[in-house]
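Undergrad: If you scroll down you'll find the structure; I have some questions about it.
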Amino acid sequence: MRHIKSDLALLNCSQLVTLAGPARARTGAELRELAIIPDGAMLVRDGRIAVIGPRAAIEPGLSRDTKIVDAGGRVVLPGFVDAHTHAVFAGNRADEFERRALGATYAEIAAAGGGIRSTVRHTREASEDDLLDAARRYARWFLAGGTTTIEVKSGYGLSLAAELKILRVIRALGASGLLRTVPTFLGAHEIPDEYRGRTGEYVRLVIDEMLPRVAEKKLADYCDVFCEPHIFDVPNARAILRAAQALGLGARIHADQFSPDAGALLAAEIGAATADHLESTTAAGFAALARACVQPVLLPASVYHLGSTRYPAARAMIEAGLAIVLATDFNPGSSPTASMPMVLSLASTQLHLTPAESIAAATINAAYSLGRGGEIGSLEPGKFADFAIHDCADYRELAYFFGREPALAVYSAGTCVYQRETN
Ligand code: NIG
Ligand code: FE
């Protein structure tokens, strides 16, 4: 007989921020509608939300066996859905960070063989167990900020064997039950050392050998490409993403991080799920994304960490009708943070988003960008009970206080996966 978990009742939430609403990503004024239940409660049955409402609504469903979780008059949110991370890698780049503080640029370090290629060298050498240990350590950082689902890209292997190794680690991380993971194949993240000056041959390797194996083994839901003129230009990015789509994978693109519009226009042309970064995109790019219903994924923590001031034009994107998403871009080079609350802070101070808009972008819109909008991203009957109890009484405090991790307890499918140790 299938094991049925005993019911769980969550009581005494000062604000139960549900994000209930239309079954699609939110745009325009909808981004400010969080569907908050004051003094809310929720009944969870077999990992999914059975009833949600004021306390009186769940009382008839309580029994002697129901496990009670008292939120203590605090804010409860759906788990954040972090739709852009590079969370599986070996080593870190604290040395490059120090050199950047002294004036070297990210581009100079990359051109000299550092940057992504340095992390690739470490990641190729690491065992699958070591990579999983590191990823589990980072998983606790995500949980401490209230994140319950992460998209994770490969891209620090850049050979068939090393890319498959990373994708298996992403799958193992998801199977560990700590965080839900959505895997993305990013074989076209950089040209590896042994293919320098032979970009065309590397693109053939990605298309002819890597992609078919990744698809056959069902190791990725999406394919991503770092689309920049000096890395994978538009014709190469188009060829890779078209090949991925033909194999049944969705498309995401690192678009216009450093140079304008080409990446956004390609995302629109091929019907990508998302175009990510967009720090250099103009109004023409936004209009193309809107026509093609591509969701922009904004990554302000990478702009911050690179010491740049060129933040994406989030308000213009909302004006253009785009269903914006916010993510950390957690990676060892441009964005070493797993903290969605830090991203919410940057979103308000640098992108001029209200805390409500940021929360919608980091939950329900992120879930839809990953094709998971029916299961996660809001607290509604039938969805997974993925939620976080945060140490505040008003949801705006999540974006207002910065430099702390607010989650006291985090649940995935109704099971506690994180509890803050000291309180
Ligand atoms: O999203 N732009 C390319 N990829 C990452 C950086 C990866 C790295 O520096 O290791 C990004 O910023
Ligand atoms: Fe990235």
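Each chain in the structure tokens gets a letter, A, B and so on, in the order shown; residues start at 1 in every chain, and ligands are counted from 1 in the order they appear.
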Ligand 1: which residues are within 10 Å, counting only C-alpha atoms and all ligand atoms? Reply as a PyMOL selection string.

TA: chain A and resi 84-86+89+92-93+106-107+110+114-120+153+155-156+186+188-190+225-228+231+253-258+276-277+299+301-303+305-306+328-336

Undergrad: Check the DSSP output for the backbone and give back, as number ranges by chain, the residues of range 152-388 of chain A in strand (DSSP E or B).

TA: A: 152-153, 180-188, 222-227, 232, 250-255, 274-277, 295-298, 325-326, 331, 335, 384, 387-388

Undergrad: Using only C-alpha atoms, which of the listed residues (A:Ala29, A:Ile58, A:Ala413, A:Ala104) sits closest to Gly382 in chain A?

TA: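 With only C-alpha atoms as the atom set, the closest residue is A:Ala413.
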
Undergrad: Measuring atom to atom with only C-alpha atoms and all ligand atoms, identify which of A:Ser345, A:Ser154, A:Thr148, A:Ser308 is nearest to ligand 2.

TA: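 For ligand 2, the nearest of the given residues is A:Ser154.
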
Undergrad: So, counting only C-alpha atoms and all ligand atoms, which residue among A:Ala327, A:Ile389, A:Val234, A:Ala314 is closest to ligand 2?

TA: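 Of the candidates, the smallest distance to ligand 2 is held by A:Ala327.
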
Undergrad: Could you tell me how far CA of Leu241 in chain A sits from CA of Leu278 in chain A, in Å to one decimal place?

TA: 18.1 Å

Undergrad: Which one of A:Pro312, A:Phe80, A:Asp208, A:Leu131 sits closest to Ile150 in chain A if you count only C-alpha atoms?

TA: A:Phe80

Undergrad: Which one of A:Thr27, A:Val17, A:Ile170, A:Arg180 sits closest to Ala290 in chain A if you count only C-alpha atoms?

TA: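 The shortest atom-to-atom distance to Ala290 in chain A comes from A:Thr27.
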
Undergrad: As an MDAnalysis selection string, please: every residue in range 295-348 of chain A that DSSP puts in helix (DSSP H, G or I).

TA: chainID A and resid 300:305 314:319 340:348

Undergrad: Output C-alpha atoms for every residue in that selection, as a PDB file, in the first residue's frame.

TA:
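This is the output file out03.pdb:
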```pdb
ATOM      1  CA  PRO A 300      20.716  41.905 -10.662  1.00  0.00           C
ATOM      2  CA  ALA A 301      23.110  40.080  -8.308  1.00  0.00           C
ATOM      3  CA  SER A 302      25.508  39.430 -11.195  1.00  0.00           C
ATOM      4  CA  VAL A 303      25.453  43.123 -12.173  1.00  0.00           C
ATOM      5  CA  TYR A 304      26.180  44.004  -8.541  1.00  0.00           C
ATOM      6  CA  HIS A 305      28.972  41.482  -8.110  1.00  0.00           C
ATOM      7  CA  ALA A 314      12.790  46.161 -15.431  1.00  0.00           C
ATOM      8  CA  ARG A 315      10.177  48.935 -15.433  1.00  0.00           C
ATOM      9  CA  ALA A 316      10.367  49.276 -19.217  1.00  0.00           C
ATOM     10  CA  MET A 317       9.914  45.515 -19.472  1.00  0.00           C
ATOM     11  CA  ILE A 318       6.782  45.628 -17.311  1.00  0.00           C
ATOM     12  CA  GLU A 319       5.509  48.529 -19.443  1.00  0.00           C
ATOM     13  CA  MET A 340      16.800  35.326  -3.193  1.00  0.00           C
ATOM     14  CA  PRO A 341      16.194  37.914  -0.411  1.00  0.00           C
ATOM     15  CA  MET A 342      19.392  39.671  -1.547  1.00  0.00           C
ATOM     16  CA  VAL A 343      17.986  39.670  -5.087  1.00  0.00           C
ATOM     17  CA  LEU A 344      14.720  41.159  -3.789  1.00  0.00           C
ATOM     18  CA  SER A 345      16.705  43.944  -2.138  1.00  0.00           C
ATOM     19  CA  LEU A 346      18.582  44.710  -5.362  1.00  0.00           C
ATOM     20  CA  ALA A 347      15.327  44.544  -7.312  1.00  0.00           C
ATOM     21  CA  SER A 348      13.834  47.330  -5.202  1.00  0.00           C
TER      22      SER A 348
END
```
